[in-house]
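Undergrad: Structure supplied as input_6.txt; contents: compact mmCIF, C-alpha atoms.
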# COMPACT_ATOMS: atom_id res chain seq x y z
CA MET A 266 -9.43 -10.76 -84.06
CA LYS A 267 -10.88 -7.42 -84.84
CA VAL A 268 -13.11 -5.61 -82.37
CA ASN A 269 -15.47 -3.12 -83.84
CA LYS A 270 -16.69 0.13 -82.27
CA ASP A 271 -19.97 -1.36 -81.09
CA GLN A 272 -18.17 -4.20 -79.32
CA ILE A 273 -15.77 -1.76 -77.62
CA LYS A 274 -18.77 0.16 -76.33
CA LYS A 275 -20.38 -3.04 -75.01
CA LEU A 276 -17.08 -4.13 -73.40
CA PHE A 277 -16.73 -0.75 -71.68
CA LEU A 278 -20.28 -0.92 -70.37
CA SER A 279 -19.77 -4.50 -69.17
CA THR A 280 -16.57 -3.48 -67.31
CA MET A 281 -18.38 -0.60 -65.68
CA GLY A 282 -21.23 -2.90 -64.73
CA PHE A 283 -18.76 -5.40 -63.27
CA ILE A 284 -17.09 -2.71 -61.17
CA PHE A 285 -20.49 -1.51 -59.94
CA LEU A 286 -21.43 -5.08 -59.09
CA LEU A 287 -18.21 -5.51 -57.09
CA TYR A 288 -18.89 -2.27 -55.26
CA VAL A 289 -22.42 -3.35 -54.36
CA TYR A 290 -21.18 -6.79 -53.33
CA PHE A 291 -18.48 -5.52 -50.96
CA SER A 292 -20.37 -2.50 -49.65
CA PHE A 293 -23.83 -3.90 -49.13
CA PHE A 294 -23.34 -7.64 -48.77
CA LEU A 295 -19.91 -8.77 -47.65
CA GLY A 296 -19.01 -5.59 -45.70
CA PRO A 297 -21.99 -5.57 -43.32
CA LEU A 298 -21.68 -9.33 -42.87
CA ASN A 299 -18.03 -9.02 -41.88
CA ARG A 300 -18.74 -6.06 -39.62
CA SER A 301 -21.51 -7.92 -37.85
CA ARG A 302 -19.25 -10.98 -37.48
CA ASP A 303 -16.42 -8.87 -36.04
CA GLY A 304 -18.86 -7.20 -33.66
CA MET A 305 -20.12 -10.56 -32.48
CA LEU A 306 -16.58 -11.84 -32.01
CA LEU A 307 -15.76 -8.81 -29.88
CA GLU A 308 -18.92 -9.35 -27.86
CA ILE A 309 -18.01 -13.01 -27.37
CA LYS A 310 -14.54 -12.02 -26.20
CA ASP A 311 -15.96 -9.46 -23.82
CA LEU A 312 -18.54 -11.86 -22.39
CA GLN A 313 -15.97 -14.63 -22.14
CA SER A 314 -13.64 -12.39 -20.15
CA LYS A 315 -16.59 -11.40 -17.94
CA LEU A 316 -17.45 -15.06 -17.42
CA ASP A 317 -13.85 -15.89 -16.53
CA ALA A 318 -13.64 -12.90 -14.19
CA SER A 319 -16.98 -13.76 -12.60
CA LYS A 320 -15.65 -17.03 -11.26
CA GLU A 321 -12.73 -15.18 -9.69
CA GLN A 322 -15.10 -12.54 -8.35
CA MET A 323 -17.35 -15.13 -6.72
CA ASN A 324 -14.35 -16.91 -5.17
CA LYS A 325 -12.97 -13.57 -4.00
CA ALA A 326 -16.29 -12.67 -2.38
CA VAL A 327 -16.41 -16.00 -0.55
CA LYS A 328 -12.80 -15.71 0.62
CA LEU A 329 -13.22 -12.06 1.61
CA GLU A 330 -16.37 -12.92 3.53
CA GLN A 331 -14.37 -15.39 5.62
CA GLN A 332 -11.40 -13.05 6.06
CA ALA A 333 -13.53 -10.02 6.90
CA LYS A 334 -15.43 -11.74 9.74
CA THR A 335 -13.23 -10.05 12.36
CA SER A 336 -13.46 -6.68 10.66
CA THR A 337 -17.23 -6.81 10.20
CA GLY A 338 -17.68 -7.84 13.83
CA ARG A 339 -15.40 -5.07 15.02
CA PHE A 340 -17.08 -2.55 12.72
CA ALA A 341 -20.51 -3.50 14.06
CA ALA A 342 -19.21 -3.22 17.63
CA LEU A 343 -17.76 0.24 16.95
CA LYS A 344 -21.01 1.37 15.34
CA ALA A 345 -22.99 0.06 18.29
CA LEU A 346 -20.97 2.24 20.67
CA ASN A 347 -22.98 5.27 19.59
CA PRO A 348 -26.77 5.12 19.81
CA GLU A 349 -29.18 6.35 17.13
CA GLY A 350 -30.22 9.97 17.09
CA ALA A 351 -28.59 13.36 17.23
CA PRO A 352 -25.35 13.27 19.29
CA ILE A 353 -26.37 16.43 21.16
CA ALA A 354 -29.35 14.49 22.47
CA TRP A 355 -27.51 11.51 23.89
CA PHE A 356 -23.88 12.48 24.48
CA PRO A 357 -24.26 15.01 27.36
CA PRO A 358 -26.60 12.76 29.43
CA ARG A 359 -24.32 9.80 28.83
CA VAL A 360 -21.23 11.76 30.00
CA ARG A 361 -23.14 13.04 33.03
CA ALA A 362 -24.20 9.49 33.94
CA PHE A 363 -20.69 8.16 33.39
CA PHE A 364 -19.06 10.70 35.71
CA ALA A 365 -21.86 10.32 38.26
CA ASN A 366 -21.00 6.61 38.40
CA GLN A 367 -17.41 7.66 39.05
CA GLN A 368 -18.49 9.88 42.00
CA VAL A 369 -18.06 13.12 40.04
CA ASP A 370 -21.23 15.21 40.04
CA LYS A 371 -22.53 18.36 38.34
CA VAL A 372 -20.91 17.52 35.03
CA VAL A 373 -21.90 19.62 32.02
CA ALA A 374 -21.07 18.70 28.43
CA ARG A 375 -21.68 20.99 25.49
CA LEU A 376 -21.08 20.65 21.81
CA GLU A 377 -18.37 22.87 20.31
CA GLY A 378 -18.66 21.82 16.68
CA SER A 379 -18.33 18.96 14.22
CA THR A 380 -16.07 18.31 11.24
CA GLY A 381 -15.73 15.61 8.63
CA PHE A 382 -12.72 13.45 7.93
CA LYS A 383 -10.30 13.95 5.04
CA PRO A 384 -9.41 10.27 4.44
CA THR A 385 -11.91 8.61 2.11
CA GLU A 386 -12.25 5.57 4.41
CA LEU A 387 -13.87 7.72 7.09
CA THR A 388 -16.16 9.84 4.94
CA GLY A 389 -19.15 8.24 6.66
CA TRP A 390 -17.98 9.41 10.09
CA MET A 391 -17.87 12.80 11.81
CA LYS A 392 -15.70 14.28 14.54
CA TYR A 393 -17.74 15.96 17.27
CA SER A 394 -15.87 18.29 19.62
CA TRP A 395 -17.19 18.58 23.16
CA ILE A 396 -16.34 20.69 26.17
CA ILE A 397 -16.90 18.79 29.40
CA ASP A 398 -16.95 20.79 32.59
CA LEU A 399 -16.43 19.11 35.96
CA PRO A 400 -16.77 21.88 38.54
CA GLN A 401 -16.04 19.72 41.57
CA ALA A 402 -13.69 16.76 41.35
CA ASP A 403 -10.79 15.49 43.35
CA TYR A 404 -7.58 14.51 41.65
CA GLY A 405 -7.58 10.80 42.50
CA THR A 406 -11.21 10.26 41.53
CA LEU A 407 -10.70 12.27 38.37
CA GLY A 408 -7.67 10.17 37.39
CA ARG A 409 -9.63 6.94 37.82
CA ALA A 410 -12.63 8.37 35.96
CA ILE A 411 -10.47 9.51 33.03
CA ALA A 412 -8.75 6.11 32.89
CA GLU A 413 -12.15 4.40 32.82
CA LEU A 414 -13.42 6.81 30.16
CA GLU A 415 -10.38 6.28 27.95
CA ASN A 416 -10.67 2.51 28.29
CA THR A 417 -14.40 2.20 27.76
CA ALA A 418 -14.94 4.81 25.04
CA PRO A 419 -12.49 3.94 22.28
CA LEU A 420 -13.92 6.48 19.84
CA LEU A 421 -13.43 9.33 22.30
CA SER A 422 -10.13 11.11 22.76
CA ILE A 423 -9.32 13.91 25.16
CA THR A 424 -7.46 16.72 23.46
CA LYS A 425 -7.22 19.23 26.30
CA LEU A 426 -7.28 18.89 30.04
CA SER A 427 -7.18 21.66 32.61
CA ILE A 428 -7.30 21.30 36.38
CA HIS A 429 -7.50 24.26 38.74
CA THR A 430 -7.69 24.23 42.49
CA LEU A 431 -10.72 25.82 44.07
CA PRO A 432 -9.58 28.50 46.56
CA GLU A 433 -12.52 28.00 48.89
CA GLN A 434 -12.50 24.16 48.74
CA SER A 435 -8.91 22.99 48.54
CA GLN A 436 -9.87 19.31 48.44
CA PHE A 437 -11.66 19.82 45.08
CA GLN A 438 -10.51 20.94 41.69
CA HIS A 439 -12.32 22.48 38.78
CA VAL A 440 -11.67 20.36 35.71
CA GLY A 441 -12.27 21.15 32.05
CA LEU A 442 -11.95 18.59 29.29
CA ALA A 443 -11.98 19.07 25.55
CA ALA A 444 -12.82 15.80 23.87
CA VAL A 445 -13.38 14.59 20.33
CA ASN A 446 -15.82 11.77 19.70
CA ILE A 447 -16.13 9.96 16.37
CA ILE A 448 -19.73 9.25 15.42
CA GLU A 449 -21.13 7.67 12.29
CA LYS A 450 -23.18 9.96 10.04
CA LYS A 451 -26.84 9.00 10.08
CA MET B 50 -2.82 -32.54 -106.90
CA ALA B 51 -6.52 -32.60 -106.11
CA LEU B 52 -8.29 -29.34 -106.06
CA HIS B 53 -10.01 -28.66 -102.70
CA LEU B 54 -12.88 -26.25 -102.80
CA ASN B 55 -14.27 -24.84 -99.55
CA LEU B 56 -17.70 -23.59 -100.34
CA LEU B 57 -18.56 -22.95 -96.64
CA HIS B 58 -15.62 -20.65 -96.06
CA GLU B 59 -17.76 -17.66 -95.06
CA GLU B 60 -19.98 -19.64 -92.74
CA ILE B 61 -16.99 -21.21 -90.94
CA LEU B 62 -15.35 -17.81 -90.53
CA GLU B 63 -18.55 -16.41 -89.14
CA GLN B 64 -18.83 -19.32 -86.69
CA ARG B 65 -15.23 -18.86 -85.55
CA GLN B 66 -15.84 -15.14 -85.06
CA ARG B 67 -18.94 -15.91 -83.01
CA GLN B 68 -16.93 -18.28 -80.81
CA ARG B 69 -14.21 -15.67 -80.16
CA ASP B 70 -16.72 -12.89 -79.45
CA PRO B 71 -15.13 -10.84 -76.59
CA LEU B 72 -18.56 -9.94 -75.28
CA LYS B 73 -19.46 -13.57 -74.90
CA ILE B 74 -16.14 -14.42 -73.26
CA GLY B 75 -16.59 -11.44 -70.94
CA MET B 76 -20.07 -12.58 -69.99
CA ILE B 77 -18.78 -16.08 -69.18
CA ALA B 78 -16.00 -14.56 -67.05
CA LEU B 79 -18.56 -12.35 -65.29
CA VAL B 80 -20.80 -15.28 -64.50
CA GLY B 81 -17.78 -17.24 -63.22
CA CYS B 82 -16.77 -14.38 -60.95
CA GLY B 83 -20.35 -14.00 -59.79
CA VAL B 84 -20.50 -17.67 -58.83
CA LEU B 85 -17.20 -17.40 -56.95
CA LEU B 86 -18.36 -14.28 -55.11
CA PHE B 87 -21.66 -15.95 -54.21
CA LEU B 88 -19.85 -19.01 -52.85
CA TYR B 89 -17.53 -16.78 -50.82
CA TYR B 90 -20.51 -14.88 -49.43
CA THR B 91 -22.31 -18.10 -48.54
CA TRP B 92 -19.24 -19.40 -46.72
CA ASN B 93 -18.96 -16.15 -44.80
CA ALA B 94 -22.64 -16.16 -43.95
CA TYR B 95 -22.32 -19.71 -42.63
CA ARG B 96 -19.40 -18.69 -40.41
CA THR B 97 -21.36 -15.68 -39.16
CA LEU B 98 -24.34 -17.84 -38.27
CA GLU B 99 -22.07 -20.21 -36.39
CA ILE B 100 -20.57 -17.30 -34.43
CA LYS B 101 -24.04 -15.97 -33.72
CA SER B 102 -25.11 -19.27 -32.22
CA ARG B 103 -21.93 -19.25 -30.06
CA LEU B 104 -22.75 -15.73 -28.93
CA THR B 105 -26.29 -16.72 -28.01
CA THR B 106 -25.00 -19.61 -25.89
CA ILE B 107 -22.54 -17.36 -24.05
CA GLU B 108 -25.16 -14.64 -23.58
CA ARG B 109 -27.51 -17.18 -22.04
CA ALA B 110 -24.77 -18.37 -19.68
CA TRP B 111 -23.91 -14.78 -18.70
CA LYS B 112 -27.55 -13.90 -18.05
CA LYS B 113 -27.76 -16.85 -15.70
CA ILE B 114 -24.82 -15.83 -13.54
CA GLU B 115 -24.94 -12.04 -13.94
CA PRO B 116 -27.17 -11.31 -10.88
CA GLY B 117 -24.90 -13.45 -8.70
CA VAL B 118 -21.79 -11.73 -10.02
CA THR B 119 -23.26 -8.26 -9.52
CA ALA B 120 -24.23 -9.16 -5.98
CA ALA B 121 -20.75 -10.60 -5.35
CA GLN B 122 -19.10 -7.43 -6.72
CA LYS B 123 -21.28 -5.26 -4.49
CA ARG B 124 -20.52 -7.46 -1.50
CA VAL B 125 -16.78 -7.31 -2.22
CA ALA B 126 -16.93 -3.50 -2.48
CA ASP B 127 -18.90 -3.32 0.79
CA LEU B 128 -16.52 -5.65 2.59
CA GLU B 129 -13.47 -3.79 1.33
CA GLY B 130 -15.04 -0.55 2.52
CA VAL B 131 -15.75 -2.07 5.94
CA ILE B 132 -12.20 -3.42 6.22
CA LYS B 133 -10.66 -0.07 5.28
CA THR B 134 -12.94 1.88 7.61
CA THR B 135 -12.30 -0.51 10.50
CA ARG B 136 -8.55 -0.24 9.90
CA ALA B 137 -8.76 3.57 9.84
CA LEU B 138 -10.85 3.59 13.03
CA ASP B 139 -8.43 1.18 14.72
CA ASP B 140 -5.53 3.43 13.73
CA TYR B 141 -7.37 6.38 15.23
CA ILE B 142 -8.09 4.43 18.43
CA ASP B 143 -4.51 3.18 18.72
CA ASN B 144 -3.05 6.64 18.15
CA ARG B 145 -5.14 8.34 20.85
CA PHE B 146 -3.26 9.94 23.66
CA PHE B 147 -4.18 8.72 27.15
CA TRP B 148 -4.22 11.31 29.91
CA ALA B 149 -4.77 8.98 32.85
CA PRO B 150 -1.13 7.75 32.88
CA VAL B 151 0.06 11.38 32.77
CA LEU B 152 -2.06 12.23 35.81
CA GLN B 153 -0.67 9.17 37.57
CA LYS B 154 2.92 10.18 36.80
CA VAL B 155 2.32 13.72 38.01
CA SER B 156 0.78 12.44 41.25
CA ARG B 157 3.87 10.29 41.82
CA CYS B 158 6.13 13.33 41.46
CA VAL B 159 4.32 15.74 43.76
CA ALA B 160 5.85 15.61 47.22
CA PRO B 161 3.91 16.81 50.35
CA ASN B 162 5.87 20.07 50.34
CA THR B 163 4.91 20.95 46.75
CA GLN B 164 1.43 22.00 45.81
CA LEU B 165 -0.08 22.07 42.35
CA THR B 166 -2.60 24.81 41.73
CA ASN B 167 -3.03 24.56 37.97
CA PHE B 168 -2.59 21.83 35.42
CA GLU B 169 -3.03 22.47 31.70
CA GLY B 170 -2.46 19.79 29.11
CA ALA B 171 -3.04 19.82 25.38
CA VAL B 172 -2.46 17.49 22.46
CA GLN B 173 -0.68 19.27 19.59
CA ASP B 174 -0.21 18.35 15.92
CA GLU B 175 -2.33 15.21 15.62
CA ASN B 176 -0.89 13.51 18.74
CA ARG B 177 2.73 14.24 17.76
CA GLU B 178 3.45 16.48 20.73
CA ILE B 179 1.93 16.94 24.15
CA ASP B 180 2.28 20.18 26.08
CA VAL B 181 1.70 20.20 29.81
CA SER B 182 1.91 23.23 32.04
CA LEU B 183 2.07 22.86 35.83
CA GLU B 184 1.73 25.73 38.23
CA GLY B 185 2.17 25.52 41.97
CA ILE B 186 3.96 26.40 45.17
CA ALA B 187 7.01 24.64 46.56
CA ALA B 188 7.83 24.88 50.27
CA GLY B 189 11.07 24.11 52.06
CA ARG B 190 14.23 25.59 53.50
CA GLU B 191 15.27 26.10 49.92
CA PRO B 192 12.00 26.17 48.02
CA ARG B 193 13.73 26.59 44.64
CA SER B 194 15.55 23.28 45.06
CA VAL B 195 12.23 21.64 46.02
CA ALA B 196 10.80 22.91 42.73
CA GLU B 197 13.89 21.67 40.90
CA ASP B 198 13.44 18.23 42.52
CA LEU B 199 9.91 18.22 41.16
CA ARG B 200 11.21 19.06 37.68
CA GLN B 201 13.78 16.25 37.90
CA MET B 202 11.15 13.79 39.07
CA LEU B 203 8.85 14.75 36.23
CA LEU B 204 11.67 14.29 33.71
CA GLU B 205 12.50 10.89 35.14
CA GLN B 206 8.87 9.71 35.23
CA PHE B 207 7.98 10.93 31.75
CA HIS B 208 11.18 9.49 30.24
CA GLN B 209 9.98 6.01 31.24
CA SER B 210 7.04 6.13 28.82
CA TYR B 211 7.57 8.96 26.35
CA SER B 212 10.27 10.33 24.10
CA ASP B 213 11.76 13.82 23.53
CA VAL B 214 10.82 14.86 27.06
CA LYS B 215 11.62 18.44 28.02
CA ALA B 216 10.75 20.01 31.37
CA GLU B 217 11.60 23.68 31.87
CA PHE B 218 10.74 26.38 34.33
CA LYS B 219 8.75 29.16 32.81
CA THR B 220 8.67 30.97 36.15
CA LEU B 221 10.39 30.30 39.46
CA GLU B 222 10.24 33.07 42.04
CA ASP B 223 10.45 33.26 45.83
CA LEU B 224 7.34 34.27 47.74
CA ASP B 225 7.16 36.22 50.98
CA THR B 226 4.64 33.79 52.41
CA ILE B 227 5.81 31.37 55.08
CA VAL B 228 3.83 28.15 55.39
CA ASN B 229 3.63 25.50 58.04
CA VAL B 230 4.29 21.99 56.72
CA ALA B 231 4.16 19.19 59.31
CA GLY B 232 4.79 21.69 62.12
CA THR B 233 7.78 23.35 60.45
CA HIS B 234 7.73 26.86 59.05
CA MET B 235 9.00 26.91 55.52
CA ALA B 236 9.71 29.50 52.85
CA THR B 237 7.80 29.19 49.59
CA ALA B 238 8.42 29.67 45.87
CA HIS B 239 5.96 29.97 43.02
CA TYR B 240 6.74 27.97 39.89
CA ILE B 241 5.33 27.35 36.43
CA LEU B 242 6.76 24.29 34.75
CA THR B 243 6.23 23.37 31.11
CA VAL B 244 6.68 19.77 30.07
CA ASN B 245 6.74 18.77 26.38
CA PHE B 246 7.04 15.27 25.11
CA ASN B 247 6.31 12.98 22.23
CA PRO B 248 3.74 10.31 23.12
CA ALA B 249 5.61 7.65 21.10
CA ALA B 250 7.65 5.52 23.47
CA MET B 251 11.43 5.81 23.27
CA PRO B 252 13.15 2.66 21.88
CA LYS B 253 14.97 0.77 24.61
CA PRO B 254 18.80 0.98 24.38
CA GLY B 255 19.38 -2.76 23.97
CA GLU B 256 16.77 -3.20 21.28
CA SER B 257 18.16 -3.70 17.80
CA PRO B 258 16.14 -3.14 14.62
CA ALA B 259 16.61 -6.80 13.67
CA ALA B 260 15.09 -7.96 16.94
CA THR B 261 12.11 -5.64 16.41
CA ARG B 262 11.57 -7.00 12.92
CA ALA B 263 11.74 -10.60 14.12
CA ARG B 264 9.19 -9.90 16.82
CA LYS B 265 6.81 -8.24 14.37
CA GLN B 266 6.85 -11.33 12.17
Just give me the structure of the file as structure tokens.

TA:
Amino acid sequence: MKVNKDQIKKLFLSTMGFIFLLYVYFSFFLGPLNRSRDGMLLEIKDLQSKLDASKEQMNKAVKLEQQAKTSTGRFAALKALNPEGAPIAWFPPRVRAFFANQQVDKVVARLEGSTGFKPTELTGWMKYSWIIDLPQADYGTLGRAIAELENTAPLLSITKLSIHTLPEQSQFQHVGLAAVNIIEKK
Amino acid sequence: MALHLNLLHEEILEQRQRQRDPLKIGMIALVGCGVLLFLYYTWNAYRTLEIKSRLTTIERAWKKIEPGVTAAQKRVADLEGVIKTTRALDDYIDNRFFWAPVLQKVSRCVAPNTQLTNFEGAVQDENREIDVSLEGIAAGREPRSVAEDLRQMLLEQFHQSYSDVKAEFKTLEDLDTIVNVAGTHMATAHYILTVNFNPAAMPKPGESPAATRARKQ
């Protein structure tokens, strides 16, 4: 079989055309189709994993809700220990009233400063430092009052305590307390 | 032998050449490939459509439960935060140092012939150490031994509840003042005592680690 020059030219053109056709087919038809299919498969996988995880998440929430009953109750109780408003507004009168109930009068409380907490769990809470001055207290009454304060105010801790006798009234002592109270940020 | 004449020789040759035309064969091959490629594309398109319908179903299902899941996730995060915060607050509450028992112990140690004039107490290093300073006057025939009795009593009392207890005299000096205690004239001494201790209770001697573990369980 002899192939003449004209036929060779036609064959070459046909081959080129075929290659171009294949390029168009894979680049503009099959390629995008496959890409879209792969994208959809990935999306299905992602959604399926979310659906599977969602059941676990819902169960976890229900279980946690039951387990956390004690914690939520305790948390609410701790929050309720401190009233709304600026601590400087309510803490000094409350301390004065507390010690007055314990037969210790003329109590003065003043704010020294406030700092935040480093642990992330307590970022919503602040430490308020107070100086409480009890100019006239007797040792026994003071001991009972401090015991009552430590038992009834769990978020308050006394960091310094000083007791001095009063030269002119030996039955009384001058008492100074440095206390830290934890209060939720409002 | 009969003579066979082929008068259509040229026409037959031409027909054969037409049949073996490479251009024609190429075109047939091209069309065949085209059909195959079209079929392959159609099959792929069908699969894609099927996947798309699956995706739509799953998307619909997800849209239905998504608000619930988001709410559950938020609730879980909130609850975990509450649990952690409560635990941290409880740790803080449990690790507080209580001064009332210290005052009680001191009151138990002070005899009628010793007088306290100053008491200073401070919590050091995040409740790891407590420093107490006691200043006063001891009266007796030998006022220094009265002050030493007070130091011993303090050591004994504090050892019952705390660990690493140290009680030392910072100052102990005789005074010229004579005082009258219960009708008896007595010499006096001025003392400053420092007491340091760790608020964590000392483990009891008979307590073994195994027993502690069993109790914790």

Undergrad: Measuring between only C-alpha atoms, which one of B:Glu99, B:Glu129, B:Glu115, B:Glu169 shows the shortest distance to chain A?

TA: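 Once distances to chain A are computed over only C-alpha atoms, the minimum belongs to B:Glu169.
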
Undergrad: Quick one: residues within 7 Å of stretch 202-205 of chain B, all atoms listed in the file counted, chain neighbours fewer than 2 positions away excluded, as a list of chain:residue names?

TA: B:Val155, B:Cys158, B:Asp198, B:Leu199, B:Arg200, B:Phe207, B:His208, B:Gln209, B:Val214, B:Ala216

Undergrad: Please save C-alpha atoms of the selected residues as an mmCIF file, in the coordinates of the input.

TA:
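Result written to selection-v3.cif:
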data_model
loop_
_atom_site.group_PDB
_atom_site.id
_atom_site.type_symbol
_atom_site.label_atom_id
_atom_site.label_comp_id
_atom_site.auth_asym_id
_atom_site.auth_seq_id
_atom_site.Cartn_x
_atom_site.Cartn_y
_atom_site.Cartn_z
ATOM 1 C CA VAL B 155 2.320 13.720 38.010
ATOM 2 C CA CYS B 158 6.130 13.330 41.460
ATOM 3 C CA ASP B 198 13.440 18.230 42.520
ATOM 4 C CA LEU B 199 9.910 18.220 41.160
ATOM 5 C CA ARG B 200 11.210 19.060 37.680
ATOM 6 C CA PHE B 207 7.980 10.930 31.750
ATOM 7 C CA HIS B 208 11.180 9.490 30.240
ATOM 8 C CA GLN B 209 9.980 6.010 31.240
ATOM 9 C CA VAL B 214 10.820 14.860 27.060
ATOM 10 C CA ALA B 216 10.750 20.010 31.370
#

Undergrad: Using all atoms listed in the file, find which residues of chain A lie within 8 Å of chain B and jot them down as a PyMOL selection string.

TA: chain A and resi 266+272+275-276+279+283+294-295+298-299+301-302+305-306+308-309+312-313+316+319+322-323+325-326+329-330+333+336-337+339-340+386-387+408-409+411-412+415+419-420+422-430

Undergrad: Skip B:Glu191 itself and residues of its chain fewer than 6 positions away, then list as a list in words all residues within 10 Å of it, counting only C-alpha atoms.

TA: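 These residues fall inside the cut-off: Asp223, Met235, Ala236, Thr237 and Ala238 of chain B.
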
Undergrad: What does the structure give for the distance between atom CA of A:Leu399 and atom CA of A:Lys371, in Å to one decimal?

TA: 6.6 Å

Undergrad: Work out how far atom CA of A:Phe382 is from atom CA of A:Val360, in Å to one decimal.

TA: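 Computing the Euclidean distance for atom CA of A:Val360 and atom CA of A:Phe382 yields 23.7 Å.
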
Undergrad: Give me, please, the distance in Å between atom CA of A:Asn269 and atom CA of B:Glu63, quoted to one decimal.

TA: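 Straight-line distance from atom CA of A:Asn269 to atom CA of B:Glu63 works out to 14.6 Å.
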
Undergrad: Just the residues within 8 Å of A:Lys451, please, counting only C-alpha atoms, with nothing from its chain fewer than 2 positions along; format it as a list in words.

TA: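 Near A:Lys451, the qualifying residues are Glu349, Gly350 and Glu449 of chain A.
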
Undergrad: Export C-alpha atoms of the chosen residues as a PDB file, in the frame of the given file?

TA:
ATOM      1  CA  GLU A 349     -29.180   6.350  17.130  1.00  0.00           C
ATOM      2  CA  GLY A 350     -30.220   9.970  17.090  1.00  0.00           C
ATOM      3  CA  GLU A 449     -21.130   7.670  12.290  1.00  0.00           C
TER       4      GLU A 449
END
